[in-house]
file work-v1.txt (compact mmCIF, C-alpha atoms)
# COMPACT_ATOMS: atom_id res chain seq x y z
CA MET A 1 -148.21 199.66 17.09
CA LEU A 2 -145.53 200.74 19.58
CA ARG A 3 -144.68 197.10 20.26
CA ALA A 4 -144.28 196.49 16.53
CA GLN A 5 -141.93 199.48 16.28
CA GLU A 6 -139.78 198.14 19.12
CA GLU A 7 -139.51 194.71 17.48
CA ARG A 8 -138.53 196.15 14.13
CA GLY A 9 -135.97 198.58 15.53
CA ALA A 10 -134.46 200.58 12.69
CA LEU A 11 -136.89 198.90 10.26
CA ALA A 12 -139.66 201.06 11.75
CA LEU A 13 -139.06 203.36 8.79
CA VAL A 14 -139.36 200.52 6.31
CA LEU A 15 -142.29 198.44 7.49
CA LEU A 16 -144.36 200.92 9.46
CA GLU A 17 -148.08 200.39 8.95
CA ALA A 18 -149.46 203.01 11.31
CA ARG A 19 -148.85 206.68 11.96
CA ASN A 20 -147.60 207.55 15.39
CA ALA A 21 -149.77 210.44 16.55
CA GLY A 22 -148.72 210.34 20.18
CA LYS A 23 -151.08 208.93 22.79
CA GLY A 24 -154.04 208.60 20.55
CA ALA A 25 -152.28 206.94 17.66
CA GLU A 26 -154.60 206.14 14.80
CA SER A 27 -153.89 203.08 12.71
CA ARG A 28 -153.96 203.27 8.95
CA ARG A 29 -153.79 200.46 6.46
CA VAL A 30 -150.88 200.37 4.06
CA ILE A 31 -151.44 198.70 0.70
CA ARG A 32 -148.69 196.08 0.42
CA GLY A 33 -147.95 193.56 -2.31
CA GLY A 34 -149.58 193.19 -5.71
CA LYS A 35 -149.71 195.46 -8.76
CA LEU A 36 -151.51 198.29 -6.99
CA ALA A 37 -148.86 198.49 -4.28
CA GLY A 38 -146.15 198.36 -6.95
CA GLY A 39 -147.77 201.20 -8.87
CA LEU A 40 -148.16 203.31 -5.74
CA ALA A 41 -144.53 202.65 -4.78
CA VAL A 42 -143.33 203.79 -8.23
CA LEU A 43 -145.44 206.97 -8.02
CA GLU A 44 -144.14 207.75 -4.54
CA MET A 45 -140.56 207.16 -5.68
CA ILE A 46 -141.00 209.39 -8.73
CA SER A 47 -142.51 212.12 -6.53
CA CYS A 48 -139.61 211.92 -4.06
CA CYS A 49 -137.07 211.90 -6.89
CA CYS A 50 -138.66 214.96 -8.55
CA GLU A 51 -138.83 216.84 -5.25
CA SER A 52 -135.16 216.10 -4.61
CA MET A 53 -134.07 217.19 -8.08
CA VAL A 54 -136.06 220.44 -7.94
CA LEU A 55 -134.67 221.21 -4.49
CA MET A 56 -131.08 220.51 -5.55
CA VAL A 57 -131.31 222.47 -8.81
CA ALA A 58 -132.96 225.48 -7.15
CA SER A 59 -130.64 225.61 -4.13
CA ASN A 60 -127.55 224.95 -6.25
CA ALA A 61 -128.50 227.72 -8.73
CA LEU A 62 -129.11 230.19 -5.90
CA LEU A 63 -125.87 229.37 -4.09
CA THR A 64 -123.86 229.37 -7.34
CA ASP A 65 -125.08 232.86 -8.23
CA MET A 66 -124.25 234.09 -4.71
CA SER A 67 -120.76 232.55 -4.75
CA LYS A 68 -120.03 233.97 -8.21
CA SER A 69 -120.96 237.45 -7.07
CA VAL A 70 -118.70 237.15 -4.02
CA MET A 71 -115.78 235.26 -5.57
CA PRO A 72 -115.87 234.76 -9.37
CA ARG A 73 -114.17 231.55 -10.54
CA LYS A 74 -111.80 232.92 -13.19
CA THR A 75 -108.33 231.75 -12.22
CA PRO A 76 -107.14 228.88 -14.49
CA CYS A 77 -105.39 226.01 -12.70
CA PRO A 78 -103.49 223.90 -15.26
CA LEU A 79 -102.76 220.33 -14.21
CA ASP A 80 -99.06 220.14 -14.97
CA ASP A 81 -96.16 218.48 -13.17
CA GLN A 82 -96.82 220.54 -10.05
CA ILE A 83 -99.95 218.75 -8.84
CA ALA A 84 -99.73 220.33 -5.39
CA HIS A 85 -99.79 223.80 -6.98
CA ALA A 86 -102.88 222.91 -9.03
CA LEU A 87 -104.64 221.60 -5.89
CA LEU A 88 -103.85 224.75 -3.90
CA CYS A 89 -104.87 227.01 -6.78
CA SER A 90 -108.15 225.16 -7.26
CA LEU A 91 -108.89 225.13 -3.51
CA GLN A 92 -108.52 228.90 -3.30
CA ARG A 93 -110.70 229.38 -6.38
CA ASP A 94 -113.37 226.75 -5.58
CA VAL A 95 -113.76 227.13 -1.81
CA LEU A 96 -117.18 228.75 -2.08
CA ALA A 97 -118.35 226.23 -4.69
CA ILE A 98 -117.31 223.39 -2.38
CA ALA A 99 -119.11 225.04 0.54
CA SER A 100 -122.21 225.45 -1.65
CA SER A 101 -122.26 221.72 -2.42
CA LEU A 102 -122.12 220.91 1.29
CA VAL A 103 -125.00 223.31 1.97
CA VAL A 104 -127.06 221.64 -0.79
CA ILE A 105 -126.52 218.22 0.84
CA CYS A 106 -127.51 219.54 4.27
CA THR A 107 -130.61 221.17 2.77
CA LEU A 108 -131.52 217.90 1.08
CA VAL A 109 -131.17 215.92 4.32
CA VAL A 110 -133.23 218.40 6.35
CA TYR A 111 -136.03 218.76 3.79
CA LEU A 112 -136.46 215.05 2.98
CA SER A 113 -136.23 214.06 6.66
CA TRP A 114 -138.90 216.63 7.52
CA ARG A 115 -141.01 215.74 4.47
CA TYR A 116 -141.08 211.98 5.07
CA SER A 117 -140.93 211.78 8.86
CA SER A 118 -144.72 212.18 9.04
CA PHE A 119 -145.16 209.82 6.07
CA PHE A 120 -143.35 207.01 7.91
CA GLY A 121 -144.95 208.00 11.21
CA VAL A 122 -141.68 208.69 13.05
CA GLY A 123 -139.89 211.79 14.29
CA PHE A 124 -137.51 213.99 12.31
CA LYS A 125 -134.62 213.08 14.64
CA HIS A 126 -135.34 209.37 14.19
CA VAL A 127 -135.09 209.67 10.41
CA CYS A 128 -131.74 211.49 10.65
CA ALA A 129 -130.45 209.01 13.23
CA CYS A 130 -131.32 206.01 11.02
CA MET A 131 -129.69 207.66 8.02
CA LEU A 132 -126.44 208.78 9.64
CA LYS A 133 -125.57 205.81 11.86
CA CYS A 134 -121.88 204.89 11.88
CA GLY A 135 -120.73 201.52 13.16
CA LYS A 136 -118.29 198.79 12.28
CA VAL A 137 -118.05 198.16 8.54
CA SER A 138 -119.04 194.63 7.56
CA THR A 139 -116.56 192.13 6.14
CA MET A 140 -118.57 191.97 2.92
CA THR A 141 -118.15 195.69 2.27
CA ALA A 142 -114.43 195.59 3.07
CA VAL A 143 -113.88 192.62 0.74
CA VAL A 144 -115.82 194.28 -2.10
CA CYS A 145 -113.77 197.49 -1.79
CA PHE A 146 -110.51 195.51 -1.69
CA LEU A 147 -111.43 193.53 -4.82
CA MET A 148 -112.45 196.73 -6.62
CA VAL A 149 -109.04 198.28 -5.94
CA LEU A 150 -107.30 195.03 -6.92
CA GLY A 151 -109.25 194.89 -10.18
CA PHE A 152 -108.38 198.50 -10.93
CA LEU A 153 -104.66 197.83 -10.43
CA GLN A 154 -104.92 194.77 -12.68
CA GLN A 155 -106.61 196.87 -15.38
CA LEU A 156 -103.83 199.46 -15.12
CA TYR A 157 -101.28 196.70 -15.61
CA MET A 158 -103.14 195.28 -18.62
CA GLN A 159 -103.48 198.75 -20.12
CA ARG A 160 -99.75 199.28 -19.89
CA ARG A 161 -98.89 195.87 -21.32
CA LEU A 162 -101.38 196.13 -24.20
CA ASN A 163 -100.55 199.78 -24.88
CA LYS A 164 -104.17 200.85 -24.38
CA GLN A 165 -105.29 204.29 -23.23
CA LEU A 166 -108.73 204.25 -21.63
CA PHE A 167 -107.86 206.36 -18.62
CA GLY A 168 -107.55 210.13 -18.59
CA VAL A 169 -107.93 213.26 -16.47
CA ASP A 170 -110.82 214.86 -18.39
CA ASN A 171 -113.19 214.15 -15.48
CA PHE A 172 -111.08 216.44 -13.28
CA MET A 173 -110.99 219.31 -15.78
CA GLU A 174 -113.48 222.15 -16.16
CA GLY A 175 -112.97 223.80 -19.54
CA GLU A 176 -110.72 226.85 -19.53
CA LEU A 177 -110.50 226.75 -15.73
CA GLY A 178 -108.34 223.63 -15.94
CA PHE A 179 -108.13 221.35 -12.91
CA SER A 180 -111.15 221.62 -10.61
CA LEU A 181 -110.99 220.36 -7.02
CA HIS A 182 -114.71 221.05 -6.74
CA ARG A 183 -115.44 218.76 -9.68
CA LEU A 184 -113.17 216.07 -8.22
CA LEU A 185 -114.91 216.21 -4.82
CA GLU A 186 -118.29 216.30 -6.58
CA LEU A 187 -117.53 213.00 -8.32
CA ILE A 188 -115.99 211.07 -5.45
CA LEU A 189 -117.76 212.53 -2.39
CA PHE A 190 -120.72 214.87 -2.89
CA ALA A 191 -122.50 212.98 -5.69
CA PRO A 192 -122.26 209.56 -3.95
CA LEU A 193 -123.54 211.07 -0.70
CA ARG A 194 -126.52 212.76 -2.38
CA GLU A 195 -127.39 209.64 -4.35
CA GLU A 196 -127.20 207.40 -1.30
CA ILE A 197 -129.48 209.74 0.64
CA ILE A 198 -132.04 209.82 -2.18
CA PHE A 199 -131.85 206.36 -3.74
CA ARG A 200 -130.64 204.06 -0.96
CA PHE A 201 -132.52 205.71 1.86
CA PHE A 202 -135.71 207.52 0.92
CA LEU A 203 -136.56 205.89 -2.43
CA LEU A 204 -135.68 202.40 -1.22
CA LEU A 205 -137.69 202.87 1.97
CA LEU A 206 -140.68 204.12 0.00
CA ALA A 207 -140.54 200.95 -2.09
CA ARG A 208 -139.94 198.76 0.98
CA ASN A 209 -142.99 200.26 2.67
CA ARG A 210 -145.19 198.47 0.10
CA LEU A 211 -143.09 195.72 -1.50
CA SER A 212 -140.85 192.84 -0.46
CA ALA A 213 -137.13 193.40 0.07
CA THR A 214 -136.28 191.66 -3.22
CA GLN A 215 -138.75 193.74 -5.21
CA SER A 216 -137.62 196.92 -3.48
CA VAL A 217 -133.92 196.54 -4.27
CA LEU A 218 -134.65 195.68 -7.91
CA LEU A 219 -136.90 198.72 -8.28
CA SER A 220 -134.40 201.00 -6.56
CA GLY A 221 -131.61 199.71 -8.82
CA ALA A 222 -133.74 200.32 -11.92
CA PHE A 223 -134.40 203.90 -10.78
CA PHE A 224 -130.70 204.46 -10.16
CA GLY A 225 -129.79 203.21 -13.65
CA ALA A 226 -132.55 205.23 -15.33
CA ILE A 227 -131.49 208.51 -13.68
CA HIS A 228 -128.16 208.29 -15.53
CA LEU A 229 -130.03 208.74 -18.81
CA SER A 230 -129.72 212.45 -18.04
CA ASN A 231 -126.02 212.21 -18.95
CA MET A 232 -127.08 211.82 -22.58
CA SER A 233 -127.64 215.58 -22.65
CA HIS A 234 -124.05 216.32 -21.63
CA GLN A 235 -121.70 216.93 -24.54
CA ARG A 236 -118.69 215.75 -22.53
CA TYR A 237 -120.07 212.17 -22.40
CA ARG A 238 -119.97 209.81 -25.36
CA ALA A 239 -123.17 207.83 -26.02
CA SER A 240 -121.37 204.49 -25.59
CA TYR A 241 -120.00 205.66 -22.24
CA VAL A 242 -123.47 206.62 -21.01
CA MET A 243 -125.04 203.32 -22.11
CA VAL A 244 -122.41 201.34 -20.23
CA GLN A 245 -122.86 203.67 -17.27
CA ILE A 246 -126.63 203.06 -17.19
CA VAL A 247 -126.25 199.27 -17.17
CA MET A 248 -123.48 199.32 -14.58
CA SER A 249 -125.38 201.83 -12.42
CA ALA A 250 -128.47 199.61 -12.36
CA LEU A 251 -126.38 196.59 -11.31
CA ILE A 252 -124.30 198.45 -8.72
CA GLY A 253 -127.37 200.35 -7.48
CA THR A 254 -129.18 197.07 -6.84
CA PHE A 255 -126.19 195.73 -4.91
CA LEU A 256 -125.92 198.93 -2.86
CA SER A 257 -129.61 198.61 -2.01
CA THR A 258 -129.10 195.09 -0.65
CA ARG A 259 -126.13 196.37 1.36
CA PHE A 260 -128.30 199.05 2.90
CA LEU A 261 -131.13 196.71 3.87
CA LEU A 262 -128.70 194.22 5.41
CA ALA A 263 -126.45 196.73 7.22
CA HIS A 264 -128.62 199.76 7.97
CA ARG A 265 -129.34 198.81 11.59
CA ARG A 266 -125.75 199.62 12.55
CA ASN A 267 -124.50 201.77 9.68
CA GLY A 268 -127.36 203.64 8.02
CA ILE A 269 -126.21 204.63 4.53
CA MET A 270 -122.50 204.41 5.41
CA GLU A 271 -121.77 201.01 3.84
CA PRO A 272 -123.36 201.68 0.43
CA PHE A 273 -121.77 205.16 0.51
CA ILE A 274 -118.29 203.68 1.07
CA ILE A 275 -118.66 201.25 -1.85
CA HIS A 276 -120.19 203.96 -4.05
CA SER A 277 -117.40 206.40 -3.24
CA VAL A 278 -114.63 203.85 -3.87
CA ASN A 279 -116.26 202.90 -7.18
CA ASN A 280 -116.42 206.57 -8.22
CA ILE A 281 -112.81 207.19 -7.18
CA LEU A 282 -111.68 204.34 -9.43
CA SER A 283 -114.01 205.16 -12.32
CA THR A 284 -113.29 208.90 -12.49
CA VAL A 285 -110.03 208.16 -14.29
CA LEU A 286 -111.97 206.44 -17.09
CA SER A 287 -112.00 208.87 -20.00
CA THR A 288 -115.48 210.08 -20.94
CA SER A 289 -114.35 211.57 -24.26
CA GLN A 290 -113.54 208.24 -25.93
CA ASP A 291 -115.98 205.75 -27.40
CA ILE A 292 -116.19 202.45 -25.54
CA ASP A 293 -115.66 199.70 -28.11
CA LEU A 294 -117.03 196.41 -26.77
CA ASN A 295 -115.37 194.59 -29.66
CA ASP A 296 -112.03 195.45 -28.07
CA ILE A 297 -111.14 192.42 -25.96
CA TYR A 298 -109.48 194.57 -23.28
CA VAL A 299 -112.52 196.83 -22.92
CA PHE A 300 -114.88 193.85 -22.92
CA LEU A 301 -112.90 192.00 -20.24
CA SER A 302 -112.64 195.12 -18.06
CA ILE A 303 -116.42 195.61 -18.09
CA LEU A 304 -117.06 191.88 -17.65
CA GLN A 305 -114.77 191.85 -14.62
CA THR A 306 -116.85 194.54 -12.92
CA ILE A 307 -120.13 192.84 -13.82
CA VAL A 308 -118.96 189.48 -12.44
CA LEU A 309 -117.69 191.07 -9.22
CA PHE A 310 -120.93 192.88 -8.37
CA SER A 311 -123.18 190.10 -9.67
CA PHE A 312 -121.47 187.57 -7.41
CA PHE A 313 -121.85 189.65 -4.24
CA LEU A 314 -125.35 190.74 -5.27
CA GLY A 315 -126.28 187.07 -5.51
CA LEU A 316 -124.97 186.46 -2.00
CA ASP A 317 -126.88 189.43 -0.58
CA MET A 318 -130.09 188.51 -2.42
CA GLY A 319 -129.87 185.01 -0.99
CA THR A 320 -129.51 186.48 2.49
CA LEU A 321 -132.49 188.79 1.93
CA ARG A 322 -134.71 185.97 0.65
CA GLY A 323 -133.82 183.83 3.64
CA SER A 324 -134.56 186.57 6.17
CA LYS A 325 -137.89 187.49 7.71
CA SER A 326 -137.42 191.08 6.51
CA ASN A 327 -138.18 189.96 2.94
CA ASP A 328 -141.90 189.82 3.70

call {"tool": "encode", "arguments": {"input": "work-v1.txt", "output": "structure tokens"}}
result
Amino acid sequence: MLRAQEERGALALVLLEARNAGKGAESRRVIRGGKLAGGLAVLEMISCCCESMVLMVASNALLTDMSKSVMPRKTPCPLDDQIAHALLCSLQRDVLAIASSLVVICTLVVYLSWRYSSFFGVGFKHVCACMLKCGKVSTMTAVVCFLMVLGFLQQLYMQRRLNKQLFGVDNFMEGELGFSLHRLLELILFAPLREEIIFRFFLLLLARNRLSATQSVLLSGAFFGAIHLSNMSHQRYRASYVMVQIVMSALIGTFLSTRFLLAHRRNGIMEPFIIHSVNNILSTVLSTSQDIDLNDIYVFLSILQTIVLFSFFLGLDMGTLRGSKSND
């Protein structure tokens, strides 16, 4: 068992088939492949997802109540011509809310690492080390981010030429409070980090423990798309926006999963987090209060551009996964 762990390196979390109980390690069989393994993987992923959501909701509610009692968020910060003033105003008002979000992320990391370290048969520190590795970013990730920014600039140009208005600042606003730095950081930093920890690390590894790499990334992507159904309950989001978001999230989530499996030995969740964060930075300016009309040629081409970009690189990564030994 120890020899197998050494050969697999960072993949010890993914493919482990025995619990490490010290000197007297006892082997256990892991059901892999087939419908039963698929069903067990889904149940384990649902359990992990539910645990994560309950933990985040409970800790966030507790910290929010505490921060409100210490520093109520009442000062409005209108987003006018003085952007620097709005940023400073929001920072002073939202500092405790921002700190609370960071505490929630730390709590999530500690709990899930402790919860699943025994499940994968490795130590708590090993789980954290695999998750938080930081190395040289791959060329693939750099190229994807560059093309995303290039596509965004091209869409801005087309919007101006065609006199379209799909972009807005409503994602940065929080009702009567006006501009919210906390909401901005939530969209471009905190949310991507939480989702990468849950979906691209723990949920993907739970699937990979029983299924092939190809099956695992597809299942993880499906979970990531399905979780965005919750946005249907938010009044600020139009139904057409949410439906497009679900489809795009499933596609992008699948690609991020392949990025993790191919780059996690040196970078942990860093590479999918970078792509996720860049995507959110560019998409936060897309207005959520307008219906997305796919009959509009500009809207259709903008969505098609994103689908083609991620589908192309997903195809490359899937080919690499299928050709590698780690697909077993």

call {"tool": "atom_distance", "arguments": {"input": "work-v1.txt", "atom1": "CA of His276 in chain A", "atom2": "CA of Gly39 in chain A"}}
result
28.1 Å

call {"tool": "closest_residue", "arguments": {"input": "work-v1.txt", "among": "A:Ile105, A:Ala84, A:Ile197, A:Leu251", "to": "Ser311 in chain A", "atoms": "all atoms listed in the file"}}
result
A:Leu251

call {"tool": "atom_distance", "arguments": {"input": "work-v1.txt", "atom1": "CA of Ile269 in chain A", "atom2": "CA of Gly253 in chain A"}}
result
12.8 Å

call {"tool": "closest_residue", "arguments": {"input": "work-v1.txt", "among": "A:Val109, A:Leu282, A:Tyr116, A:Arg200", "to": "Leu153 in chain A", "atoms": "all atoms listed in the file"}}
result
A:Leu282

call {"tool": "atom_distance", "arguments": {"input": "work-v1.txt", "atom1": "CA of Phe119 in chain A", "atom2": "CA of Gly268 in chain A"}}
result
18.9 Å

call {"tool": "residues_around", "arguments": {"input": "work-v1.txt", "residues": "Arg93 in chain A", "least_positions_apart": "3", "cutoff": "9 Å", "atoms": "all atoms listed in the file", "output": "MDAnalysis selection string"}}
result
chainID A and resid 71:77 88:90 96:97 180

call {"tool": "closest_residue", "arguments": {"input": "work-v1.txt", "among": "A:Met158, A:Val149, A:Leu219, A:Val104", "to": "Ala191 in chain A", "atoms": "only C-alpha atoms"}}
result
A:Val104

call {"tool": "residues_around", "arguments": {"input": "work-v1.txt", "residues": "Leu203 in chain A", "least_positions_apart": "4", "cutoff": "10 Å", "atoms": "all atoms listed in the file", "output": "PyMOL selection string"}}
result
chain A and resi 41-42+44-49+196-199+207-209+216-217+219-220+223-224

call {"tool": "write_last_selection", "arguments": {"input": "work-v1.txt", "atoms": "C-alpha atoms", "output": "PDB file, keeping the file's coordinate frame"}}
result
ATOM      1  CA  ALA A  41    -144.530 202.650  -4.780  1.00  0.00           C
ATOM      2  CA  VAL A  42    -143.330 203.790  -8.230  1.00  0.00           C
ATOM      3  CA  GLU A  44    -144.140 207.750  -4.540  1.00  0.00           C
ATOM      4  CA  MET A  45    -140.560 207.160  -5.680  1.00  0.00           C
ATOM      5  CA  ILE A  46    -141.000 209.390  -8.730  1.00  0.00           C
ATOM      6  CA  SER A  47    -142.510 212.120  -6.530  1.00  0.00           C
ATOM      7  CA  CYS A  48    -139.610 211.920  -4.060  1.00  0.00           C
ATOM      8  CA  CYS A  49    -137.070 211.900  -6.890  1.00  0.00           C
ATOM      9  CA  GLU A 196    -127.200 207.400  -1.300  1.00  0.00           C
ATOM     10  CA  ILE A 197    -129.480 209.740   0.640  1.00  0.00           C
ATOM     11  CA  ILE A 198    -132.040 209.820  -2.180  1.00  0.00           C
ATOM     12  CA  PHE A 199    -131.850 206.360  -3.740  1.00  0.00           C
ATOM     13  CA  ALA A 207    -140.540 200.950  -2.090  1.00  0.00           C
ATOM     14  CA  ARG A 208    -139.940 198.760   0.980  1.00  0.00           C
ATOM     15  CA  ASN A 209    -142.990 200.260   2.670  1.00  0.00           C
ATOM     16  CA  SER A 216    -137.620 196.920  -3.480  1.00  0.00           C
ATOM     17  CA  VAL A 217    -133.920 196.540  -4.270  1.00  0.00           C
ATOM     18  CA  LEU A 219    -136.900 198.720  -8.280  1.00  0.00           C
ATOM     19  CA  SER A 220    -134.400 201.000  -6.560  1.00  0.00           C
ATOM     20  CA  PHE A 223    -134.400 203.900 -10.780  1.00  0.00           C
ATOM     21  CA  PHE A 224    -130.700 204.460 -10.160  1.00  0.00           C
TER      22      PHE A 224
END

call {"tool": "closest_residue", "arguments": {"input": "work-v1.txt", "among": "A:Ile307, A:Leu314, A:Leu301, A:Leu55", "to": "Arg259 in chain A", "atoms": "all atoms listed in the file"}}
result
A:Leu314
